[in-house]
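Asker: My questions all concern the structure below.
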Amino acid sequence: MRAGLLLLGDDIDASHEVSQSIETEDGSFWHGILHRREPDYGNSKYWFRRAGAHPALAELARSLEAGNAAAVEILAGGTWDAFRFIDLVEACETGRRAELRADLEALQEQEMLLLLAHCHRRAVGE
């Protein structure tokens, strides 16, 4: 939860320090988001591979708002594709898919809030 709260507060360095010491799928997920934001896309993909099929990804896929063009592309294979998300962020940042910025930012916020809720449930035993 600490890694996520720091990342939500844009303290990337402190979040990185915390997340790199958490050797769980949750820590890997936070680490992947962090590197996607830096940007360090290859490193982000490494951490998302370590996070695997995290339960928050399925929850994210179920909770998406209609009309999010980026989400449609990320879910094109029928499940949430964290690597496609990274590729779209990179394309947006390099100007090739700049029209997706608002959709990608909304997805990232939703992703972080769902992961934070997941970590909270685990921390309090729900």
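Here, A, B, ... name the chains of the structure tokens in the order displayed, residue numbers run from 1 inside each chain, and ligands are numbered from 1 in the same displayed order.
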When you look at range 19-21 of chain A with a cut-off of 8 Å (counting only C-alpha atoms), what residues show up, excluding the ones that are within fewer than 5 positions of it in the same chain? I need them as an MDAnalysis selection string.
Answerer: chainID A and resid 3 27:28 30:31
Asker: Quick one: pick out all helix (DSSP H, G or I) residues within range 72-115 of chain A from a backbone DSSP run and write them as number ranges by chain.
Answerer: A: 72-74, 82-93, 98-115
Asker: My list of candidates is A:Asp87, A:Asp26, A:Glu38, A:Glu59. Which is closest to Leu100 in chain A when distances are computed with only C-alpha atoms?
Answerer: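 Counting only C-alpha atoms, the residue closest to Leu100 in chain A is A:Asp87.
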Asker: Leaving out Ala102 in chain A and any residue of its chain fewer than 6 positions from it, which residues lie within 10 Å of it when counting only C-alpha atoms, given as a count of residues only?
Answerer: 4
Asker: Please provide as a short mmCIF file (atom, residue, chain, number, x, y, z; two decimals) with N, CA and C atoms, in the first residue's frame all residues within 10 Å of Leu34 in chain A, with the sequence filter that same-chain residues fewer than 2 positions apart are discarded (counting only C-alpha atoms).
Answerer:
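Heads up, here's the output in around-v9.cif:
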data_model
loop_
_atom_site.label_atom_id
_atom_site.label_comp_id
_atom_site.auth_asym_id
_atom_site.auth_seq_id
_atom_site.Cartn_x
_atom_site.Cartn_y
_atom_site.Cartn_z
N ALA A 3 3.85 1.72 -1.32
CA ALA A 3 4.37 1.97 -2.67
C ALA A 3 3.31 2.63 -3.53
N GLY A 4 2.08 2.17 -3.42
CA GLY A 4 0.99 2.73 -4.21
C GLY A 4 0.63 4.14 -3.81
N LEU A 7 3.23 6.44 -5.10
CA LEU A 7 3.11 6.61 -6.55
C LEU A 7 1.91 7.49 -6.89
N LEU A 8 0.81 7.31 -6.19
CA LEU A 8 -0.35 8.18 -6.41
C LEU A 8 -0.02 9.63 -6.09
N ASP A 10 2.81 10.96 -6.70
CA ASP A 10 3.88 11.31 -7.64
C ASP A 10 5.28 11.34 -7.02
N ASP A 11 5.48 10.60 -5.93
CA ASP A 11 6.83 10.47 -5.36
C ASP A 11 7.44 9.19 -5.92
N ILE A 12 7.88 9.27 -7.16
CA ILE A 12 8.35 8.09 -7.88
C ILE A 12 9.58 7.48 -7.22
N ASP A 13 10.52 8.29 -6.78
CA ASP A 13 11.74 7.75 -6.17
C ASP A 13 11.43 6.96 -4.89
N SER A 15 8.53 5.66 -4.03
CA SER A 15 7.73 4.50 -4.40
C SER A 15 8.63 3.40 -4.95
N HIS A 16 9.60 3.78 -5.74
CA HIS A 16 10.53 2.80 -6.32
C HIS A 16 11.30 2.09 -5.22
N SER A 19 8.77 -0.36 -3.64
CA SER A 19 8.27 -1.44 -4.51
C SER A 19 9.36 -2.43 -4.89
N SER A 28 5.39 -6.28 -7.71
CA SER A 28 5.76 -6.26 -9.13
C SER A 28 4.81 -5.40 -9.94
N PHE A 29 3.53 -5.46 -9.61
CA PHE A 29 2.54 -4.64 -10.32
C PHE A 29 2.84 -3.16 -10.09
N TRP A 30 3.05 -2.76 -8.82
CA TRP A 30 3.38 -1.35 -8.55
C TRP A 30 4.66 -0.95 -9.26
N HIS A 31 5.63 -1.84 -9.25
CA HIS A 31 6.91 -1.57 -9.90
C HIS A 31 6.72 -1.38 -11.41
N GLY A 32 5.85 -2.19 -12.01
CA GLY A 32 5.56 -2.07 -13.44
C GLY A 32 4.90 -0.75 -13.78
N ARG A 36 6.46 2.30 -16.12
CA ARG A 36 5.68 2.79 -17.27
C ARG A 36 5.57 4.31 -17.20
N ARG A 37 5.44 4.84 -15.99
CA ARG A 37 5.32 6.29 -15.81
C ARG A 37 6.64 7.03 -16.00
N GLU A 38 7.77 6.40 -15.76
CA GLU A 38 9.06 7.12 -15.75
C GLU A 38 9.39 7.85 -17.06
N PRO A 39 9.48 7.41 -18.18
CA PRO A 39 9.16 6.10 -18.74
C PRO A 39 10.40 5.21 -18.91
N ASP A 40 10.20 3.94 -18.61
CA ASP A 40 11.19 2.89 -18.86
C ASP A 40 10.37 1.66 -19.27
N TYR A 41 9.95 1.65 -20.53
CA TYR A 41 8.96 0.69 -21.00
C TYR A 41 9.43 -0.76 -20.94
N ASN A 43 11.62 -2.08 -18.87
CA ASN A 43 11.64 -2.46 -17.46
C ASN A 43 10.21 -2.64 -16.95
N SER A 44 9.30 -1.81 -17.41
CA SER A 44 7.90 -1.96 -17.03
C SER A 44 7.38 -3.33 -17.46
N TRP A 47 8.52 -6.10 -15.12
CA TRP A 47 7.79 -6.18 -13.86
C TRP A 47 6.36 -6.67 -14.05
#
Asker: One decimal, in Å: what's the spacing between CA of Leu107 in chain A and CA of Ala71 in chain A?
Answerer: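 One can read the CA of Leu107 in chain A to CA of Ala71 in chain A distance as 7.5 Å.
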Asker: Do a neighbour search on range 113-117 of chain A at 7 Å with only C-alpha atoms, toss out local chain neighbours closer than 5 positions, and write the hits as a list in words.
Answerer: Met1, Gly4, Ala56 and Leu60 of chain A
Asker: Go through A:Ile86, A:Ala66, A:Cys92, A:Leu75 and flag the residue nearest Phe48 in chain A, using only C-alpha atoms for the distances.
Answerer: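 Checking each candidate against Phe48 in chain A, we get A:Ile86 as the closest.
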Asker: Tell me which of A:Phe83, A:Ala123, A:Ile22, A:His118 sits closest to Tyr46 in chain A, counting only C-alpha atoms.
Answerer: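 Answer, going by the shortest atom-to-atom distance: A:Phe83.
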Asker: To one decimal place in Å, what is the distance between CA of Glu65 in chain A and CA of Cys119 in chain A?
Answerer: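 Interatomic distance, CA of Glu65 in chain A to CA of Cys119 in chain A: 22.5 Å.
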Asker: Rank nothing, just name the residue among A:Leu5, A:Leu64, A:Met112, A:Ile33 nearest to Phe85 in chain A, using only C-alpha atoms.
Answerer: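 Under the stated criterion, the closest residue is A:Ile33.
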